[in-house]
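A.B. asks: Sharing a structure, written as structure tokens. Questions coming.
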Amino acid sequence: MATVTTEGTVGLGLRRVSASKSPDQSIKQADQLAILVDISSCIGCKACEAGCSQWHDLKPSLNVGQGMFFGYQSGPGLAPNLFMYMRFQEHETPNGLVWAITKYQCMHCADPGCLKACPSPGAIIQYANGIVDFDHSKCIGCKFCLSGCPFDVPRYDANNKPWKCNFCIDRVSAGLEPMCVKTCPTNALHFGTKEEMLIRANKLLQGLKKRGFEKASIYDPPGVGGTGYIYLLPHGDKPEMYGLPKEASISPLVSLWKGPVKLIGSIVLWGTLLGAFLQLILFGPIKVGKKHKKEG
Amino acid sequence: MEDVRNLEEVEIERFSAFDRFVHWLTAIPFVYLFLSGLGMYSPKFAWLLPFLGGKEFSAWLHKWAGVVFAVGVFLMFLRWARDFVLDSDDMKWLSNVKHYIKGEEEKLPEAGKYNAGQKLFGWIVFLGGALFLITGIVMWFPESFPANIVRLSILLHEIAFIVVGAGFIVHVYMGTVGVPGSLSSMITGKVSALWAMSHHPKWFREVMRR
């Protein structure tokens, strides 16, 4: 904890810090923030994508004239200089063709896998309001955050530093809504506390169901403790249609290496050191000539 | 008693110049890998990284030190794999290792040039080195492999670290304090005849026959 300097007594409180003890949660209180993505109202205009790149001063490559075709998408996926993108996927259903358009970016998990996997104290932080962010000055460039992430989000620059959506923490801290929400022309994006967003999502869900989308649902995966981005999916029984994992959770392999294996490692390595020391003080070094002296 | 003193003065070559070169080619990168790996493995040891050149630098050099280490282990494998084949005497030796720990080597089957413990450590290094290399490459380029393969690699890299790390602690202890005369054998290449006779009697007789 001693190494963490990002936000101390000023600014937003912290909830979790990578490879460090969690800060005391009783000091600062903050509402959980969330963005609700209402897929049913999204027209795929990509204004959020443009707004995101503009606010964060990003210039993602346009992928024009490279012989690559990504349909309506701006590119194949996230990039270090593309924090969010619109994913376009076509699916055939009994009721005809469905064009699944999904805003994709860091989900801001309540239990972030990246933060769990990160070995460098303070390199990944979760603010008390739930926003997950990176501190590049403390990052060692090991890319473990990619393994921790259930959504395949972090992307690395030439110095192996990860980049992703930071929920426009600078705007949010100043009382503004995130840029994508600000830009959205159809109110497909809603910003507020998680509690409010869930209430709003439920209202919209009822409307969708009345319109015949019986399997519509709210995507707020419990495997990662819920997310800061929640989605209203018209075809909620098949989140894969939208490129979202059905059961999002931190891989048990990650939990294994951060938990039991670390404990076993401590026992084995310290035990070996202790064993060597005990051999030394109980029996002493294995010297030459002992046998011969005894015999002779 | 006089015999003993004479034997102490006679020197026998145990490690050739190539042996010593390969040993240190592997050992020096390993010390760096062990310490920087420890700093990345456990947040409790993150303070080690600034001493190894900085956190980003040590994470970067860890990979290249790993490449040198892998070359060293491969050369060691070519040099020693045949010598390290464990026979039935070695199995007896390993199951009675408590006598060795107590300094009662005479109660164990006589060792050749390498005793069973050394052979076992050799195999730990060979197999651990291969595992480190394969999983290390996957961890170096995580974007080029399926996510679960990368996660599994990190897990296996850590398990290899625990096993090889424990072997390394024993190896360093025995090579310096635990068995006097071992460290100088890896520096000068020579041991005293007495050392050879008491620790590796079978090898000693072979050398004498020549």
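A note on labels: chains of the structure tokens are A, B, ... as shown, every chain counts residues from 1, and ligands are counted from 1 in their shown order.
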From range 41-203 of chain A, collect each residue whose DSSP state is alpha helix (DSSP H) and return the set as number ranges by chain.

C.D. replies: A: 47-55, 113-117, 144-148, 169-173, 179-183, 194-203

A.B. asks: Give me a file of those residues, with C-alpha atoms, as a short mmCIF file (atom, residue, chain, number, x, y, z; two decimals), in the first residue's frame.

C.D. replies:
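To be explicit, this is the file written out as result.cif:
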data_model
loop_
_atom_site.label_atom_id
_atom_site.label_comp_id
_atom_site.auth_asym_id
_atom_site.auth_seq_id
_atom_site.Cartn_x
_atom_site.Cartn_y
_atom_site.Cartn_z
CA ALA A 47 -20.76 8.46 -32.84
CA CYS A 48 -19.65 7.06 -29.44
CA GLU A 49 -16.57 5.57 -31.08
CA ALA A 50 -15.69 8.89 -32.71
CA GLY A 51 -16.39 10.81 -29.51
CA CYS A 52 -14.25 8.40 -27.49
CA SER A 53 -11.29 8.79 -29.84
CA GLN A 54 -11.69 12.55 -29.88
CA TRP A 55 -11.86 12.97 -26.11
CA GLY A 113 -9.64 -9.95 -13.31
CA CYS A 114 -6.92 -7.62 -14.60
CA LEU A 115 -6.43 -6.17 -11.15
CA LYS A 116 -6.37 -9.62 -9.61
CA ALA A 117 -3.76 -10.89 -12.07
CA PHE A 144 -0.75 -10.51 -17.05
CA CYS A 145 -3.81 -8.20 -17.09
CA LEU A 146 -4.75 -9.69 -20.45
CA SER A 147 -4.83 -13.15 -18.86
CA GLY A 148 -6.90 -11.89 -15.96
CA ILE A 169 -12.68 9.30 -15.28
CA ASP A 170 -11.46 12.82 -15.90
CA ARG A 171 -14.91 13.88 -17.12
CA VAL A 172 -16.75 11.90 -14.46
CA SER A 173 -14.60 13.42 -11.70
CA MET A 179 -17.91 11.06 -23.78
CA CYS A 180 -19.71 8.14 -25.44
CA VAL A 181 -22.86 8.89 -23.47
CA LYS A 182 -22.56 12.57 -24.31
CA THR A 183 -22.28 11.79 -28.01
CA LYS A 194 -25.58 1.45 -10.94
CA GLU A 195 -28.76 1.35 -8.88
CA GLU A 196 -30.53 3.86 -11.13
CA MET A 197 -29.26 2.16 -14.28
CA LEU A 198 -30.60 -1.20 -13.15
CA ILE A 199 -34.02 0.33 -12.44
CA ARG A 200 -34.01 2.01 -15.84
CA ALA A 201 -32.83 -1.18 -17.54
CA ASN A 202 -35.66 -3.12 -15.94
CA LYS A 203 -38.24 -0.60 -17.20
#

A.B. asks: Specify as a ChimeraX atom specification all residues of chain B found within 8 Å of chain A, counting only C-alpha atoms.

C.D. replies: /B:1,4,40-43,46,55-56,59,101-103,106,139-140,142,147-148,150-152,154-155,158-159,162,165-166,169-170,173,177-180,194-195,198-199

A.B. asks: With N, CA and C atoms kept, could you save the residues just selected as a CSV table (one decimal), in the first residue's frame?

C.D. replies:
chain,number,residue,atom,x,y,z
B,1,MET,N,46.9,-41.4,8.9
B,1,MET,CA,46.7,-40.0,8.9
B,1,MET,C,47.6,-39.3,7.8
B,4,VAL,N,46.0,-39.5,4.4
B,4,VAL,CA,44.9,-38.5,4.3
B,4,VAL,C,45.5,-37.2,3.9
B,40,MET,N,8.4,-10.5,-9.5
B,40,MET,CA,7.2,-10.4,-10.3
B,40,MET,C,6.2,-11.4,-9.7
B,41,TYR,N,6.7,-12.5,-9.1
B,41,TYR,CA,5.8,-13.6,-8.6
B,41,TYR,C,5.1,-13.1,-7.4
B,42,SER,N,5.8,-12.4,-6.5
B,42,SER,CA,5.2,-12.1,-5.2
B,42,SER,C,5.4,-10.6,-5.0
B,43,PRO,N,4.2,-9.9,-4.7
B,43,PRO,CA,4.3,-8.5,-4.5
B,43,PRO,C,5.2,-8.2,-3.2
B,46,ALA,N,8.4,-7.3,-4.6
B,46,ALA,CA,8.4,-6.3,-5.7
B,46,ALA,C,9.6,-5.3,-5.5
B,55,LYS,N,11.8,-1.6,-12.5
B,55,LYS,CA,10.7,-2.7,-12.7
B,55,LYS,C,10.5,-3.0,-14.2
B,56,GLU,N,10.5,-2.0,-15.1
B,56,GLU,CA,10.3,-2.3,-16.5
B,56,GLU,C,11.5,-3.0,-17.0
B,59,ALA,N,11.8,-6.6,-15.9
B,59,ALA,CA,10.8,-7.4,-16.6
B,59,ALA,C,11.3,-7.7,-18.0
B,101,ILE,N,22.0,-36.4,4.6
B,101,ILE,CA,21.7,-35.1,5.3
B,101,ILE,C,22.5,-35.1,6.7
B,102,LYS,N,22.5,-36.3,7.3
B,102,LYS,CA,23.2,-36.4,8.6
B,102,LYS,C,24.7,-36.5,8.5
B,103,GLY,N,25.2,-36.5,7.2
B,103,GLY,CA,26.6,-36.6,7.0
B,103,GLY,C,27.2,-38.0,7.2
B,106,GLU,N,28.8,-42.9,4.3
B,106,GLU,CA,29.3,-44.3,4.3
B,106,GLU,C,28.1,-45.3,4.3
B,139,MET,N,4.2,-16.6,-22.6
B,139,MET,CA,3.9,-15.4,-21.8
B,139,MET,C,4.5,-14.2,-22.4
B,140,TRP,N,5.5,-14.3,-23.2
B,140,TRP,CA,6.2,-13.2,-23.8
B,140,TRP,C,5.3,-12.6,-24.9
B,142,PRO,N,1.6,-13.0,-25.4
B,142,PRO,CA,0.3,-13.5,-25.0
B,142,PRO,C,-0.8,-13.2,-26.0
B,147,ALA,N,-6.2,-17.5,-24.9
B,147,ALA,CA,-6.1,-16.9,-23.6
B,147,ALA,C,-5.9,-18.0,-22.5
B,148,ASN,N,-6.5,-19.2,-22.7
B,148,ASN,CA,-6.4,-20.2,-21.7
B,148,ASN,C,-5.0,-20.9,-21.7
B,150,VAL,N,-2.3,-19.2,-22.4
B,150,VAL,CA,-1.5,-18.2,-21.7
B,150,VAL,C,-1.6,-18.4,-20.2
B,151,ARG,N,-2.9,-18.5,-19.8
B,151,ARG,CA,-3.2,-18.6,-18.3
B,151,ARG,C,-2.5,-19.9,-17.8
B,152,LEU,N,-2.6,-21.0,-18.5
B,152,LEU,CA,-2.0,-22.2,-18.1
B,152,LEU,C,-0.5,-22.1,-18.0
B,154,ILE,N,1.2,-19.4,-17.4
B,154,ILE,CA,1.7,-18.6,-16.2
B,154,ILE,C,1.7,-19.6,-15.0
B,155,LEU,N,0.6,-20.4,-14.9
B,155,LEU,CA,0.5,-21.4,-13.8
B,155,LEU,C,1.7,-22.3,-13.8
B,158,GLU,N,5.0,-20.8,-12.9
B,158,GLU,CA,5.1,-20.6,-11.4
B,158,GLU,C,5.4,-21.9,-10.7
B,159,ILE,N,4.8,-23.0,-11.2
B,159,ILE,CA,5.1,-24.3,-10.6
B,159,ILE,C,6.5,-24.7,-10.8
B,162,ILE,N,8.7,-22.8,-8.5
B,162,ILE,CA,8.7,-23.3,-7.1
B,162,ILE,C,9.6,-24.5,-7.0
B,165,GLY,N,13.2,-23.5,-8.1
B,165,GLY,CA,13.7,-22.6,-7.0
B,165,GLY,C,14.1,-23.3,-5.8
B,166,ALA,N,13.3,-24.3,-5.4
B,166,ALA,CA,13.7,-25.1,-4.2
B,166,ALA,C,15.0,-25.8,-4.4
B,169,ILE,N,17.9,-23.5,-4.2
B,169,ILE,CA,18.3,-23.1,-2.9
B,169,ILE,C,19.2,-24.2,-2.3
B,170,VAL,N,18.8,-25.5,-2.5
B,170,VAL,CA,19.5,-26.6,-2.0
B,170,VAL,C,20.9,-26.7,-2.7
B,173,TYR,N,23.2,-23.9,-1.4
B,173,TYR,CA,23.6,-24.2,0.0
B,173,TYR,C,24.7,-25.3,-0.1
B,177,VAL,N,28.2,-23.8,1.4
B,177,VAL,CA,28.5,-24.1,2.8
B,177,VAL,C,28.3,-25.6,3.1
B,178,GLY,N,27.3,-26.3,2.4
B,178,GLY,CA,27.0,-27.6,2.8
B,178,GLY,C,28.0,-28.7,2.5
B,179,VAL,N,28.7,-28.5,1.4
B,179,VAL,CA,29.8,-29.5,1.0
B,179,VAL,C,31.0,-28.7,0.7
B,180,PRO,N,31.9,-28.4,1.6
B,180,PRO,CA,33.1,-27.6,1.4
B,180,PRO,C,33.9,-28.2,0.2
B,194,LEU,N,41.2,-36.4,-1.8
B,194,LEU,CA,40.5,-36.8,-0.6
B,194,LEU,C,39.0,-36.5,-0.7
B,195,TRP,N,38.7,-35.3,-1.3
B,195,TRP,CA,37.3,-34.9,-1.5
B,195,TRP,C,36.7,-35.9,-2.5
B,198,SER,N,36.1,-39.3,-0.6
B,198,SER,CA,35.0,-39.4,0.4
B,198,SER,C,33.6,-39.2,-0.2
B,199,HIS,N,33.5,-38.3,-1.2
B,199,HIS,CA,32.2,-38.0,-1.7
B,199,HIS,C,31.8,-38.8,-2.9

A.B. asks: In range 141-209 of chain A, what's strand (DSSP E) per DSSP? Answer as a list of chain:residue names?

C.D. replies: A:Arg155, A:Tyr156, A:Pro162, A:Trp163, A:Leu189, A:His190, A:Phe191, A:Gly192, A:Thr193

A.B. asks: Would you put the residues from that selection into a file with N, CA and C atoms, as a PDB file, in the first residue's frame?

C.D. replies:
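As written to disk, selection_39.pdb reads:
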ATOM      1  N   ARG A 155      -5.078  -3.741 -24.423  1.00  0.00           N
ATOM      2  CA  ARG A 155      -4.243  -3.773 -25.632  1.00  0.00           C
ATOM      3  C   ARG A 155      -2.977  -2.998 -25.321  1.00  0.00           C
ATOM      4  N   TYR A 156      -1.850  -3.457 -25.871  1.00  0.00           N
ATOM      5  CA  TYR A 156      -0.548  -2.952 -25.444  1.00  0.00           C
ATOM      6  C   TYR A 156       0.143  -2.097 -26.487  1.00  0.00           C
ATOM      7  N   PRO A 162      -0.553  -1.254 -21.048  1.00  0.00           N
ATOM      8  CA  PRO A 162      -1.922  -1.531 -21.494  1.00  0.00           C
ATOM      9  C   PRO A 162      -2.780  -0.265 -21.579  1.00  0.00           C
ATOM     10  N   TRP A 163      -3.708  -0.297 -22.537  1.00  0.00           N
ATOM     11  CA  TRP A 163      -4.651   0.807 -22.705  1.00  0.00           C
ATOM     12  C   TRP A 163      -6.062   0.243 -22.787  1.00  0.00           C
ATOM     13  N   LEU A 189     -27.374   5.130 -24.788  1.00  0.00           N
ATOM     14  CA  LEU A 189     -26.451   5.077 -23.657  1.00  0.00           C
ATOM     15  C   LEU A 189     -26.980   5.938 -22.523  1.00  0.00           C
ATOM     16  N   HIS A 190     -27.016   5.345 -21.343  1.00  0.00           N
ATOM     17  CA  HIS A 190     -27.474   6.045 -20.147  1.00  0.00           C
ATOM     18  C   HIS A 190     -26.372   5.996 -19.104  1.00  0.00           C
ATOM     19  N   PHE A 191     -26.211   7.090 -18.397  1.00  0.00           N
ATOM     20  CA  PHE A 191     -25.153   7.139 -17.386  1.00  0.00           C
ATOM     21  C   PHE A 191     -25.736   7.563 -16.046  1.00  0.00           C
ATOM     22  N   GLY A 192     -25.318   6.882 -14.986  1.00  0.00           N
ATOM     23  CA  GLY A 192     -25.768   7.238 -13.645  1.00  0.00           C
ATOM     24  C   GLY A 192     -25.236   6.250 -12.637  1.00  0.00           C
ATOM     25  N   THR A 193     -25.901   6.186 -11.490  1.00  0.00           N
ATOM     26  CA  THR A 193     -25.452   5.192 -10.519  1.00  0.00           C
ATOM     27  C   THR A 193     -25.919   3.824 -10.993  1.00  0.00           C
TER      28      THR A 193
END

A.B. asks: Pick out the closest residue to Phe34 in chain B from this set: B:Ser192, B:Ser58, B:Ser95, B:Ser185. Count only C-alpha atoms.

C.D. replies: B:Ser58

A.B. asks: With a distance cut-off of 12 Å and only C-alpha atoms, select the neighbouring residues of range 108-113 of chain B, excluding the residue or stretch itself and same-chain residues fewer than 5 positions from it, and output the selection as an NGL selection string.

C.D. replies: :B and (12-15 or 80 or 83-103 or 118-119 or 191 or 195-207)

A.B. asks: Smallest atom-to-atom distance to Leu75 in chain B: which of B:Gly136, B:Gly129, B:Gly117, B:Gly54, using only C-alpha atoms?

C.D. replies: B:Gly129

A.B. asks: Using only C-alpha atoms, determine which residues lie at most 10 Å from Ser40 in chain A, disregarding the query and same-chain residues fewer than 5 positions distant; provide the list as a list in words.

C.D. replies: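 What passes the distance filter is Ala100, Ile101, Ala188, Leu204, Leu205, Leu208, Ala216, Tyr231, Leu232, Leu233, Pro234 and His235 of chain A.
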
A.B. asks: Which residues come within 8 Å of Val68 in chain B, counting only C-alpha atoms, excluding same-chain residues fewer than 4 positions away, as a ChimeraX atom specification?

C.D. replies: /B:25-26,29,64,72

A.B. asks: Which polymer residues have any atom within 9 Å of an atom of Leu38 in chain B, counting only C-alpha atoms, with same-chain residues fewer than 5 positions away left out, as a list in words?

C.D. replies: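 In the requested form, the answer reads Leu33, Pro43, Lys44, Phe45, Ala46, Leu48, Leu49 and Phe161 of chain B.
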
A.B. asks: Out of A:Pro23, A:Pro112, A:Gly96, A:Pro76, which residue has the shortest atom-to-atom distance to Val132 in chain A when counting only C-alpha atoms?

C.D. replies: A:Pro112

A.B. asks: Which polymer residues have any atom within 8 Å of an atom of His157 in chain B, counting only C-alpha atoms, with same-chain residues fewer than 6 positions away left out, as a count of residues only?

C.D. replies: 4

A.B. asks: Separation of CA of Asn129 in chain A and CA of Gln32 in chain A, in Å?

C.D. replies: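 We find that CA of Asn129 in chain A and CA of Gln32 in chain A lie 4.6 Å from each other.
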